[in-house]
>>> print(open('query.cif').read())   # mmCIF, C-alpha atoms
data_protein
#
loop_
_atom_site.label_atom_id
_atom_site.label_comp_id
_atom_site.auth_asym_id
_atom_site.auth_seq_id
_atom_site.Cartn_x
_atom_site.Cartn_y
_atom_site.Cartn_z
CA MET A 1 31.38 0.11 8.70
CA ILE A 2 33.80 2.00 6.45
CA ILE A 3 33.05 5.37 4.90
CA THR A 4 35.40 6.32 2.07
CA LYS A 5 36.16 9.83 0.87
CA MET A 6 34.08 9.12 -2.21
CA ALA A 7 30.71 8.47 -0.62
CA LEU A 8 28.79 6.28 1.76
CA PRO A 9 27.26 3.39 -0.24
CA ARG A 10 23.52 3.70 -0.84
CA ARG A 11 23.21 0.12 0.40
CA THR A 12 24.43 0.97 3.90
CA PHE A 13 22.98 -0.90 6.87
CA LEU A 14 23.29 -0.67 10.61
CA ARG A 15 23.88 -4.22 11.74
CA GLY A 16 23.73 -6.06 15.02
CA LEU A 17 22.87 -9.49 16.31
CA GLY A 18 19.28 -10.02 15.18
CA ALA A 19 18.81 -6.75 13.29
CA THR A 20 19.68 -5.07 10.01
CA VAL A 21 18.46 -1.48 9.61
CA ALA A 22 18.75 0.13 6.19
CA LEU A 23 19.30 3.90 6.06
CA PRO A 24 17.46 6.63 4.16
CA LEU A 25 19.21 8.61 1.43
CA LEU A 26 21.93 10.78 3.00
CA ASP A 27 24.15 13.56 1.66
CA ALA A 28 27.11 11.32 2.47
CA MET A 29 25.79 8.77 -0.04
CA VAL A 30 26.21 11.22 -2.93
CA PRO A 31 29.73 11.71 -4.33
CA ALA A 32 30.86 15.31 -3.94
CA ALA A 33 31.33 15.70 -7.69
CA SER A 34 27.70 14.88 -8.41
CA ALA A 35 26.03 16.38 -5.32
CA MET A 36 25.23 19.66 -7.08
CA ALA A 37 23.59 17.80 -9.96
CA ARG A 38 21.28 15.71 -7.81
CA THR A 39 17.62 16.37 -8.64
CA VAL A 40 14.21 14.86 -7.97
CA SER A 41 14.30 13.25 -11.42
CA SER A 42 17.41 11.29 -10.47
CA ALA A 43 15.71 9.63 -7.49
CA PRO A 44 14.58 6.03 -7.97
CA ARG A 45 10.94 5.69 -9.00
CA ARG A 46 8.52 3.80 -6.74
CA LEU A 47 5.07 2.31 -7.28
CA GLY A 48 2.40 1.67 -4.66
CA ILE A 49 -1.09 0.22 -5.10
CA VAL A 50 -3.87 0.25 -2.50
CA TYR A 51 -6.99 -1.88 -2.83
CA MET A 52 -10.31 -0.60 -1.49
CA PRO A 53 -13.03 -3.27 -1.60
CA MET A 54 -16.63 -3.34 -2.77
CA GLY A 55 -16.92 -0.34 -5.02
CA VAL A 56 -18.51 3.02 -4.25
CA HIS A 57 -21.63 5.15 -4.19
CA TYR A 58 -20.99 7.06 -7.43
CA GLU A 59 -22.78 10.34 -6.80
CA PRO A 60 -20.73 11.51 -3.79
CA TRP A 61 -17.58 9.91 -5.24
CA THR A 62 -17.43 11.43 -8.73
CA PRO A 63 -16.13 15.02 -9.10
CA LYS A 64 -18.55 17.37 -10.86
CA GLU A 65 -15.73 18.95 -12.88
CA ASN A 66 -13.98 17.26 -15.80
CA GLY A 67 -10.41 18.21 -16.61
CA ARG A 68 -8.76 20.61 -14.19
CA LEU A 69 -10.15 20.31 -10.65
CA THR A 70 -10.72 23.16 -8.25
CA GLU A 71 -12.58 21.04 -5.71
CA LEU A 72 -13.20 17.40 -4.94
CA SER A 73 -16.39 15.47 -4.35
CA GLU A 74 -17.74 14.64 -0.89
CA SER A 75 -16.19 11.17 -0.73
CA LEU A 76 -12.82 12.47 -1.95
CA SER A 77 -12.82 15.60 0.23
CA PRO A 78 -10.11 14.27 2.62
CA LEU A 79 -7.70 14.60 -0.33
CA MET A 80 -8.30 18.36 -0.76
CA PRO A 81 -4.97 19.27 0.90
CA HIS A 82 -3.34 17.18 -1.84
CA LEU A 83 -5.52 18.33 -4.74
CA ASP A 84 -2.59 19.14 -7.04
CA ASN A 85 -1.17 15.66 -6.47
CA VAL A 86 -4.24 13.56 -7.24
CA THR A 87 -5.79 12.46 -10.52
CA VAL A 88 -9.29 10.96 -10.49
CA VAL A 89 -9.98 8.58 -13.36
CA SER A 90 -13.52 7.58 -14.42
CA ASN A 91 -14.90 5.04 -16.91
CA LEU A 92 -12.26 2.34 -16.62
CA GLU A 93 -13.32 -1.31 -16.61
CA ILE A 94 -11.98 -4.84 -16.21
CA ASP A 95 -13.70 -6.58 -19.10
CA ALA A 96 -12.34 -10.03 -18.21
CA ALA A 97 -14.05 -9.88 -14.82
CA HIS A 98 -17.58 -9.34 -16.18
CA THR A 99 -18.11 -13.01 -16.99
CA THR A 100 -17.58 -13.94 -13.36
CA GLY A 101 -19.12 -10.89 -11.74
CA ASN A 102 -18.10 -11.59 -8.17
CA HIS A 103 -15.78 -10.50 -5.37
CA ALA A 104 -13.03 -12.97 -6.24
CA SER A 105 -12.63 -11.62 -9.75
CA ALA A 106 -12.77 -8.01 -8.51
CA ASN A 107 -9.76 -8.63 -6.30
CA SER A 108 -7.78 -11.07 -8.44
CA SER A 109 -8.27 -9.24 -11.75
CA PHE A 110 -7.57 -5.76 -10.39
CA LEU A 111 -3.84 -5.94 -11.12
CA THR A 112 -3.87 -8.68 -13.78
CA CYS A 113 -6.88 -7.68 -15.93
CA VAL A 114 -7.42 -11.30 -16.92
CA LYS A 115 -10.16 -13.78 -16.05
CA PRO A 116 -9.11 -16.15 -13.26
CA LYS A 117 -9.69 -19.87 -13.68
CA ARG A 118 -12.69 -21.02 -11.70
CA THR A 119 -11.45 -23.61 -9.22
CA GLU A 120 -11.70 -24.37 -5.54
CA GLY A 121 -8.36 -26.17 -5.49
CA SER A 122 -4.73 -25.13 -5.80
CA ASP A 123 -4.76 -25.36 -9.60
CA TYR A 124 -5.61 -21.66 -9.85
CA VAL A 125 -4.60 -19.67 -12.90
CA ASN A 126 -4.70 -15.89 -13.10
CA GLY A 127 -2.10 -13.60 -14.69
CA THR A 128 1.12 -11.84 -13.74
CA SER A 129 0.10 -8.65 -11.94
CA VAL A 130 1.27 -5.20 -12.94
CA ASP A 131 3.17 -4.66 -9.69
CA GLN A 132 5.27 -7.74 -10.41
CA ILE A 133 6.05 -6.53 -13.92
CA ALA A 134 7.27 -3.32 -12.31
CA ALA A 135 9.25 -5.30 -9.71
CA GLN A 136 11.00 -7.26 -12.45
CA GLN A 137 12.49 -4.00 -13.72
CA ILE A 138 12.74 -1.53 -10.83
CA GLY A 139 12.93 -4.02 -7.97
CA LYS A 140 16.18 -5.69 -8.98
CA GLU A 141 18.39 -3.40 -6.90
CA THR A 142 16.45 -3.55 -3.62
CA PRO A 143 16.57 -6.19 -0.87
CA LEU A 144 12.85 -6.84 -1.38
CA PRO A 145 11.75 -6.73 -5.03
CA SER A 146 8.21 -6.10 -3.79
CA LEU A 147 6.22 -5.96 -0.58
CA GLU A 148 2.65 -7.25 -0.18
CA LEU A 149 0.69 -6.04 2.84
CA GLY A 150 -2.90 -6.08 4.07
CA THR A 151 -5.07 -5.89 7.19
CA ASP A 152 -7.18 -9.06 6.91
CA LEU A 153 -5.70 -12.42 7.84
CA ILE A 154 -7.62 -15.13 6.03
CA ALA A 155 -6.22 -18.65 6.18
CA GLN A 156 -9.00 -20.53 4.42
CA VAL A 157 -8.37 -22.92 1.59
CA GLY A 158 -10.86 -24.17 -0.93
CA ASN A 159 -13.90 -22.14 -1.97
CA CYS A 160 -14.14 -18.54 -0.79
CA ASP A 161 -16.54 -17.07 -3.37
CA ASN A 162 -18.87 -18.75 -5.81
CA GLY A 163 -16.52 -21.63 -6.62
CA TYR A 164 -13.33 -19.55 -6.65
CA ALA A 165 -10.34 -20.51 -4.50
CA CYS A 166 -9.45 -18.34 -1.53
CA ALA A 167 -6.15 -17.41 -3.17
CA TYR A 168 -8.10 -15.14 -5.51
CA MET A 169 -9.55 -13.27 -2.53
CA ASN A 170 -6.40 -13.20 -0.45
CA SER A 171 -3.78 -12.05 -2.97
CA LEU A 172 -3.67 -8.89 -5.07
CA SER A 173 -0.17 -9.62 -6.33
CA TRP A 174 0.68 -12.54 -8.64
CA ALA A 175 4.31 -13.34 -9.46
CA SER A 176 3.08 -15.53 -12.31
CA PRO A 177 -0.33 -16.87 -13.42
CA THR A 178 0.03 -19.77 -10.98
CA ALA A 179 1.93 -18.08 -8.12
CA PRO A 180 -0.02 -15.66 -5.90
CA ASN A 181 2.13 -13.61 -3.54
CA PRO A 182 0.87 -14.02 0.04
CA THR A 183 -0.42 -10.87 1.71
CA GLU A 184 1.14 -10.11 5.10
CA SER A 185 -1.24 -8.53 7.60
CA ASP A 186 0.62 -9.18 10.85
CA PRO A 187 2.58 -6.01 11.77
CA ARG A 188 5.18 -7.93 13.78
CA ILE A 189 5.98 -10.27 10.90
CA ALA A 190 6.13 -7.35 8.45
CA PHE A 191 8.44 -5.43 10.80
CA GLU A 192 10.70 -8.45 11.23
CA ARG A 193 10.86 -8.84 7.47
CA LEU A 194 12.06 -5.26 7.10
CA PHE A 195 14.46 -5.08 10.03
CA GLY A 196 15.02 -8.52 11.56
CA ASP A 197 18.15 -10.49 10.72
CA GLY A 198 19.72 -13.55 12.28
CA GLY A 199 18.11 -16.16 14.48
CA THR A 200 14.49 -17.17 14.33
CA PRO A 201 11.60 -14.73 14.81
CA GLU A 202 10.84 -16.49 18.10
CA GLN A 203 14.42 -15.95 19.31
CA ARG A 204 14.32 -12.28 18.34
CA LYS A 205 10.97 -11.83 20.06
CA ALA A 206 12.34 -13.39 23.25
CA GLU A 207 15.36 -11.07 23.12
CA LEU A 208 13.11 -8.05 22.56
CA LYS A 209 11.41 -8.71 25.89
CA GLN A 210 14.77 -7.91 27.49
CA ASN A 211 16.25 -5.37 25.07
CA LYS A 212 12.99 -3.48 24.43
CA SER A 213 13.90 -2.43 20.88
CA ILE A 214 15.45 -3.95 17.81
CA LEU A 215 17.49 -0.74 17.54
CA ASP A 216 19.34 -1.65 20.74
CA TRP A 217 21.12 -4.29 18.70
CA VAL A 218 22.62 -1.73 16.31
CA LEU A 219 23.70 0.91 18.86
CA GLU A 220 27.43 0.33 18.34
CA ASP A 221 27.15 0.54 14.57
CA MET A 222 24.89 3.58 14.89
CA SER A 223 27.35 5.37 17.18
CA ASN A 224 30.24 4.77 14.79
CA LEU A 225 28.20 6.07 11.87
CA GLN A 226 26.97 9.23 13.61
CA LYS A 227 30.54 10.31 14.39
CA GLN A 228 31.35 10.40 10.68
CA LEU A 229 28.27 12.20 9.38
CA GLY A 230 27.54 15.88 8.95
CA SER A 231 24.91 17.58 11.10
CA SER A 232 22.21 17.37 8.42
CA ASP A 233 22.73 13.64 7.94
CA ARG A 234 22.84 13.03 11.69
CA HIS A 235 19.50 14.77 12.01
CA ARG A 236 18.03 12.75 9.12
CA VAL A 237 19.26 9.45 10.54
CA GLY A 238 17.96 10.40 13.98
CA GLU A 239 14.48 11.21 12.65
CA TYR A 240 14.36 7.99 10.64
CA LEU A 241 15.40 5.81 13.57
CA ASP A 242 12.91 7.60 15.82
CA THR A 243 10.19 6.62 13.34
CA VAL A 244 11.40 3.01 13.27
CA ARG A 245 11.34 2.96 17.06
CA GLU A 246 7.86 4.51 17.23
CA VAL A 247 6.46 1.94 14.78
CA GLU A 248 8.00 -0.80 16.87
CA ARG A 249 6.52 0.68 20.05
CA ARG A 250 3.05 0.68 18.51
CA ILE A 251 3.47 -3.01 17.70
CA GLN A 252 4.68 -3.69 21.22
CA ARG A 253 1.75 -1.78 22.74
CA ALA A 254 -0.67 -3.90 20.72
CA GLU A 255 1.10 -7.06 21.88
CA ALA A 256 1.04 -5.93 25.51
CA SER A 257 -2.63 -5.00 25.28
CA ALA A 258 -3.49 -8.41 23.83
CA THR A 259 -1.48 -10.18 26.55
CA ASP A 260 -3.16 -8.24 29.33
CA SER A 261 -6.67 -8.55 27.93
CA PRO A 262 -8.90 -11.10 29.71
CA LEU A 263 -10.79 -11.57 26.41
CA THR A 264 -8.48 -13.10 23.85
CA ASP A 265 -9.37 -12.37 20.22
CA LEU A 266 -8.43 -15.59 18.45
CA THR A 267 -8.99 -14.00 15.03
CA ARG A 268 -6.43 -11.21 15.55
CA PRO A 269 -2.65 -11.70 15.99
CA THR A 270 -1.35 -10.07 19.13
CA SER A 271 0.60 -7.42 17.18
CA VAL A 272 -2.54 -6.08 15.46
CA PRO A 273 -3.93 -2.95 17.18
CA GLU A 274 -7.46 -3.25 18.47
CA ALA A 275 -8.69 -0.35 16.33
CA TRP A 276 -8.69 -1.13 12.60
CA GLU A 277 -7.73 2.45 11.72
CA ASP A 278 -4.59 2.10 13.86
CA HIS A 279 -3.76 -1.13 12.04
CA VAL A 280 -4.10 0.60 8.65
CA LYS A 281 -1.92 3.54 9.70
CA LEU A 282 0.68 1.20 11.14
CA MET A 283 0.91 -0.68 7.83
CA TYR A 284 1.08 2.61 5.93
CA ASP A 285 3.91 3.82 8.16
CA MET A 286 5.87 0.64 7.50
CA GLN A 287 5.43 1.27 3.78
CA ILE A 288 6.96 4.72 4.29
CA LEU A 289 9.94 3.22 6.12
CA ALA A 290 10.45 0.57 3.44
CA LEU A 291 10.38 3.14 0.63
CA GLN A 292 12.48 5.70 2.48
CA ALA A 293 15.26 3.18 3.13
CA ASP A 294 14.96 1.79 -0.42
CA LEU A 295 14.20 -1.67 0.95
CA THR A 296 11.66 -1.99 -1.85
CA ARG A 297 10.27 0.16 -4.67
CA VAL A 298 7.05 -1.75 -5.27
CA ILE A 299 4.24 -2.19 -2.71
CA THR A 300 0.69 -3.52 -2.80
CA PHE A 301 -1.66 -2.96 0.13
CA GLN A 302 -5.02 -4.66 0.51
CA MET A 303 -6.60 -2.10 2.84
CA ALA A 304 -9.54 -4.43 3.34
CA ARG A 305 -10.69 -7.66 1.75
CA GLU A 306 -13.54 -8.19 -0.69
CA ALA A 307 -16.79 -9.37 0.95
CA SER A 308 -15.52 -7.97 4.24
CA THR A 309 -18.04 -7.93 7.08
CA ARG A 310 -16.03 -5.33 9.00
CA THR A 311 -18.18 -2.74 10.76
CA TYR A 312 -17.35 0.94 11.19
CA PRO A 313 -19.25 2.18 14.27
CA GLN A 314 -16.61 4.90 14.70
CA ILE A 315 -18.08 6.67 11.64
CA GLY A 316 -21.70 5.78 12.30
CA VAL A 317 -21.88 2.54 10.31
CA PRO A 318 -22.37 -0.34 12.78
CA GLU A 319 -23.62 -2.70 10.06
CA PRO A 320 -21.18 -4.95 8.12
CA HIS A 321 -19.68 -3.45 4.97
CA HIS A 322 -20.68 -6.27 2.59
CA PRO A 323 -24.45 -6.13 3.22
CA ILE A 324 -24.29 -2.32 3.07
CA SER A 325 -22.65 -2.53 -0.36
CA HIS A 326 -25.71 -4.42 -1.66
CA HIS A 327 -27.72 -1.26 -1.21
CA VAL A 328 -30.63 -1.96 -3.66
CA ASP A 329 -30.69 1.85 -4.08
CA ASP A 330 -31.84 2.27 -0.51
CA PRO A 331 -30.94 5.89 0.44
CA GLU A 332 -29.91 4.93 3.96
CA LYS A 333 -27.57 2.19 2.77
CA LEU A 334 -26.16 4.42 0.04
CA ALA A 335 -25.41 7.13 2.60
CA LYS A 336 -23.58 4.60 4.78
CA LEU A 337 -21.63 3.26 1.79
CA ALA A 338 -20.55 6.83 1.02
CA LYS A 339 -19.37 7.22 4.63
CA ILE A 340 -17.25 4.08 4.29
CA ASN A 341 -15.83 5.31 0.98
CA GLN A 342 -14.88 8.66 2.48
CA TYR A 343 -13.33 6.94 5.51
CA HIS A 344 -11.14 4.74 3.32
CA VAL A 345 -10.08 7.79 1.30
CA SER A 346 -9.21 9.64 4.52
CA LEU A 347 -6.79 6.87 5.44
CA PHE A 348 -5.22 7.07 1.97
CA ALA A 349 -4.88 10.84 2.53
CA TYR A 350 -2.92 10.01 5.68
CA MET A 351 -0.49 8.01 3.55
CA ILE A 352 -0.11 10.82 1.00
CA ASP A 353 0.55 13.26 3.83
CA GLN A 354 3.31 11.00 5.17
CA LEU A 355 4.88 10.71 1.71
CA LYS A 356 4.82 14.49 1.31
CA ASN A 357 6.47 15.08 4.67
CA THR A 358 9.29 12.55 4.22
CA ASP A 359 12.52 13.88 2.70
CA ASP A 360 14.03 11.95 -0.18
CA GLY A 361 17.10 13.70 -1.49
CA GLU A 362 16.16 16.96 -3.18
CA GLY A 363 12.42 16.43 -2.82
CA SER A 364 9.84 14.51 -0.85
CA LEU A 365 9.16 10.80 -1.03
CA LEU A 366 5.95 11.61 -2.90
CA ASP A 367 7.99 13.28 -5.64
CA SER A 368 9.58 9.93 -6.48
CA THR A 369 6.53 7.75 -5.82
CA THR A 370 3.26 7.05 -7.62
CA TYR A 371 0.39 5.47 -5.66
CA MET A 372 -2.91 4.25 -7.03
CA ILE A 373 -5.95 3.45 -4.92
CA GLY A 374 -9.04 1.80 -6.33
CA SER A 375 -11.50 -1.06 -6.36
CA GLY A 376 -12.21 -3.92 -8.74
CA LEU A 377 -15.94 -3.33 -8.33
CA GLY A 378 -17.82 -0.33 -9.65
CA ASN A 379 -21.43 -0.61 -8.52
CA PRO A 380 -21.26 -3.25 -5.77
CA ASN A 381 -25.02 -3.73 -5.75
CA VAL A 382 -24.83 -5.57 -9.09
CA HIS A 383 -21.21 -6.79 -8.84
CA ASN A 384 -20.15 -5.01 -12.01
CA HIS A 385 -16.60 -4.08 -12.95
CA ARG A 386 -17.34 -0.91 -14.92
CA ASN A 387 -16.54 2.71 -14.09
CA LEU A 388 -14.15 1.63 -11.38
CA PRO A 389 -13.27 4.13 -8.65
CA ILE A 390 -9.64 5.01 -9.32
CA ILE A 391 -7.33 7.69 -7.91
CA VAL A 392 -3.65 8.20 -8.73
CA ALA A 393 -1.43 10.25 -6.40
CA SER A 394 2.00 11.45 -7.48
CA GLY A 395 4.54 14.22 -7.08
CA SER A 396 6.85 16.37 -9.17
CA GLY A 397 8.93 13.46 -10.44
CA SER A 398 5.89 11.90 -12.12
CA SER A 399 4.77 12.33 -15.72
CA ILE A 400 1.14 12.13 -14.52
CA VAL A 401 -0.39 15.59 -14.16
CA GLY A 402 -2.24 16.02 -10.85
CA GLY A 403 -5.28 18.08 -10.03
CA GLN A 404 -7.27 16.44 -12.83
CA HIS A 405 -10.44 14.46 -13.37
CA VAL A 406 -9.92 12.26 -16.41
CA LYS A 407 -13.35 11.06 -17.49
CA TYR A 408 -13.48 9.00 -20.68
CA ASP A 409 -16.48 9.31 -22.98
CA GLU A 410 -16.65 5.53 -23.22
CA LEU A 411 -15.34 2.63 -21.17
CA LYS A 412 -11.59 2.00 -21.43
CA PRO A 413 -9.57 -0.96 -20.12
CA LEU A 414 -8.05 -0.56 -16.67
CA ALA A 415 -5.01 -2.17 -18.31
CA ASN A 416 -4.42 1.12 -20.14
CA LEU A 417 -3.83 2.84 -16.83
CA HIS A 418 -1.55 0.02 -15.73
CA LEU A 419 0.62 0.68 -18.79
CA THR A 420 0.75 4.36 -17.86
CA LEU A 421 1.78 3.51 -14.31
CA LEU A 422 4.56 1.28 -15.63
CA ASP A 423 5.74 4.08 -17.92
CA ASP A 424 5.72 6.48 -15.00
CA VAL A 425 8.09 4.38 -12.90
CA GLY A 426 10.40 3.45 -15.77
CA ALA A 427 9.17 -0.08 -16.43
CA ARG A 428 7.77 0.41 -19.92
CA ILE A 429 6.23 -2.50 -21.86
CA ASP A 430 4.22 -2.44 -25.08
CA GLN A 431 1.12 -4.41 -24.06
CA PHE A 432 -0.57 -5.47 -20.84
CA ALA A 433 -3.55 -7.86 -20.80
CA ASP A 434 -6.35 -6.26 -22.86
CA SER A 435 -4.78 -2.80 -23.10
CA THR A 436 -5.61 -0.71 -26.17
CA GLY A 437 -3.16 2.11 -25.43
CA ARG A 438 -2.10 4.35 -22.58
CA ALA A 439 -4.49 6.08 -20.20
#
>>> encode(input="query.cif", output="structure tokens")
Amino acid sequence: MIITKMALPRRTFLRGLGATVALPLLDAMVPAASAMARTVSSAPRRLGIVYMPMGVHYEPWTPKENGRLTELSESLSPLMPHLDNVTVVSNLEIDAAHTTGNHASANSSFLTCVKPKRTEGSDYVNGTSVDQIAAQQIGKETPLPSLELGTDLIAQVGNCDNGYACAYMNSLSWASPTAPNPTESDPRIAFERLFGDGGTPEQRKAELKQNKSILDWVLEDMSNLQKQLGSSDRHRVGEYLDTVREVERRIQRAEASATDSPLTDLTRPTSVPEAWEDHVKLMYDMQILALQADLTRVITFQMAREASTRTYPQIGVPEPHHPISHHVDDPEKLAKLAKINQYHVSLFAYMIDQLKNTDDGEGSLLDSTTYMIGSGLGNPNVHNHRNLPIIVASGSGSSIVGGQHVKYDELKPLANLHLTLLDDVGARIDQFADSTGRA
């Protein structure tokens, strides 16, 4: 590793046999002549999208105030600490999904806003998703143009929903109308993709049993780097590597727990924590690491899959989510759906908190990042795609004003918001799917 008097390259990695660890933005990466001029607006823009399945119970979800918000609704209350950073949007729809009216179209049309071809085979046709349009422009300079993560591992082929191929249920992101991007839900594989290098995953895993951490492979490079950095940069690198190590330890703990368990769960990879909430937070933390090190600037995260039968006894909902979502206006089911909605929002609030507390140059990572969370279903009881639950979270580097409830008088295309998101991260295009303007 060579550090010139000019600056440490932004694309600086700690390397060792079996590992490549990218670094966060450091003062040493900014030429002295331009260091004083560095601002939040000069940081690279990032886009994240989180999918929350099966719609919402509207009454506890929708804020009572329109325009400027002073409080949030019951379901959105976990976001109160971030009120000035969130924008709630009401009365958006995916018109192309109405003709299918099912879970497959809710998921597959969420980022494409087009009607998927009905097929049970591999001849599926959808549209290029908005995250991939962003990746084509802002993902060119990163090792990973985009990153697609989830928590459900579904390997089925053929029909998954009313004659629609499983690809429509499994993938949010589509590189082209015929190329769905696979969603990675295994924390070990995702971690290896971010930090593994050289040899096969099996070889690296075998080595890890002896070396304990992937960071052990970059100790020499790390030592050489630390000697040449200022105290602030040394502290920043140390905190970042501590986070990498902690994420890795959580994966290892899950693997050890699965190995020691007398009851093997054949549906869950060994690196997936037993508690779903821990799995979600682990995947969120890897997103933070990937953005912080500029490994990617575009991320999609399928928090849970459409038609999920996951139960949530930890919040008082022991029944499966999917049957609960078909509430037939039953007060008890509606109350449980609201609990699930609030729980999912609380996990998104965890992500926003992490973004806020991660330095990124002159501001936080949230200042240079825009995240949207939402669902492709509105009222899940009737499988409609109107008045979708949508929240946008952003910081000071965004053109989107936070602390707002934007409620349209009439239904508008979700594609309008997608255009606005593209504008916000510097990937402007004139038209997207059925857009009629900007949101």
>>> closest_residue(input="query.cif", among="A:Ser257, A:Asn381, A:Gln136, A:Gln302", to="Phe348 (chain A)", atoms="only C-alpha atoms")
A:Gln302
>>> residues_around(input="query.cif", residues="Glu74 (chain A)", least_positions_apart="6", cutoff="10 Å", atoms="all atoms listed in the file", output="MDAnalysis selection string")
chainID A and resid 59:63 338:339 341:342
>>> resolve_selection(input="query.cif", expression="the PyMOL selection byres ((chain A and resi 343) around 12)", output="mmCIF file with C-alpha atoms, keeping the file's coordinate frame")
data_model
loop_
_atom_site.group_PDB
_atom_site.id
_atom_site.type_symbol
_atom_site.label_atom_id
_atom_site.label_comp_id
_atom_site.auth_asym_id
_atom_site.auth_seq_id
_atom_site.Cartn_x
_atom_site.Cartn_y
_atom_site.Cartn_z
ATOM 1 C CA MET A 52 -10.310 -0.600 -1.490
ATOM 2 C CA VAL A 56 -18.510 3.020 -4.250
ATOM 3 C CA TRP A 61 -17.580 9.910 -5.240
ATOM 4 C CA GLU A 74 -17.740 14.640 -0.890
ATOM 5 C CA SER A 75 -16.190 11.170 -0.730
ATOM 6 C CA LEU A 76 -12.820 12.470 -1.950
ATOM 7 C CA SER A 77 -12.820 15.600 0.230
ATOM 8 C CA PRO A 78 -10.110 14.270 2.620
ATOM 9 C CA LEU A 79 -7.700 14.600 -0.330
ATOM 10 C CA TRP A 276 -8.690 -1.130 12.600
ATOM 11 C CA GLU A 277 -7.730 2.450 11.720
ATOM 12 C CA VAL A 280 -4.100 0.600 8.650
ATOM 13 C CA MET A 303 -6.600 -2.100 2.840
ATOM 14 C CA TYR A 312 -17.350 0.940 11.190
ATOM 15 C CA PRO A 313 -19.250 2.180 14.270
ATOM 16 C CA GLN A 314 -16.610 4.900 14.700
ATOM 17 C CA ILE A 315 -18.080 6.670 11.640
ATOM 18 C CA GLY A 316 -21.700 5.780 12.300
ATOM 19 C CA VAL A 317 -21.880 2.540 10.310
ATOM 20 C CA LYS A 336 -23.580 4.600 4.780
ATOM 21 C CA LEU A 337 -21.630 3.260 1.790
ATOM 22 C CA ALA A 338 -20.550 6.830 1.020
ATOM 23 C CA LYS A 339 -19.370 7.220 4.630
ATOM 24 C CA ILE A 340 -17.250 4.080 4.290
ATOM 25 C CA ASN A 341 -15.830 5.310 0.980
ATOM 26 C CA GLN A 342 -14.880 8.660 2.480
ATOM 27 C CA HIS A 344 -11.140 4.740 3.320
ATOM 28 C CA VAL A 345 -10.080 7.790 1.300
ATOM 29 C CA SER A 346 -9.210 9.640 4.520
ATOM 30 C CA LEU A 347 -6.790 6.870 5.440
ATOM 31 C CA PHE A 348 -5.220 7.070 1.970
ATOM 32 C CA ALA A 349 -4.880 10.840 2.530
ATOM 33 C CA TYR A 350 -2.920 10.010 5.680
#
>>> resolve_selection(input="query.cif", expression="the PyMOL selection byres ((chain A and resi 197) around 6)", output="ChimeraX atom specification")
/A:18-20,196,198
>>> atom_distance(input="query.cif", atom1="CA of Gln292 (chain A)", atom2="CA of Gln228 (chain A)")
21.1 Å
>>> closest_residue(input="query.cif", among="A:Lys412, A:His418, A:Arg68, A:Arg234", to="Thr112 (chain A)", atoms="all atoms listed in the file")
A:His418
>>> closest_residue(input="query.cif", among="A:Ala427, A:Leu72, A:Val50, A:Ala258", to="Ile138 (chain A)", atoms="all atoms listed in the file")
A:Ala427
>>> resolve_selection(input="query.cif", expression="the PyMOL selection byres ((chain A and resi 137) around 10)", output="CSV table (one decimal) with C-alpha atoms, in the frame of the given file")
chain,number,residue,atom,x,y,z
A,132,GLN,CA,5.3,-7.7,-10.4
A,133,ILE,CA,6.0,-6.5,-13.9
A,134,ALA,CA,7.3,-3.3,-12.3
A,135,ALA,CA,9.2,-5.3,-9.7
A,136,GLN,CA,11.0,-7.3,-12.4
A,138,ILE,CA,12.7,-1.5,-10.8
A,139,GLY,CA,12.9,-4.0,-8.0
A,140,LYS,CA,16.2,-5.7,-9.0
A,141,GLU,CA,18.4,-3.4,-6.9
A,145,PRO,CA,11.8,-6.7,-5.0
A,422,LEU,CA,4.6,1.3,-15.6
A,425,VAL,CA,8.1,4.4,-12.9
A,426,GLY,CA,10.4,3.4,-15.8
A,427,ALA,CA,9.2,-0.1,-16.4
A,428,ARG,CA,7.8,0.4,-19.9
>>> atom_distance(input="query.cif", atom1="CA of Trp174 (chain A)", atom2="CA of Gly127 (chain A)")
6.7 Å
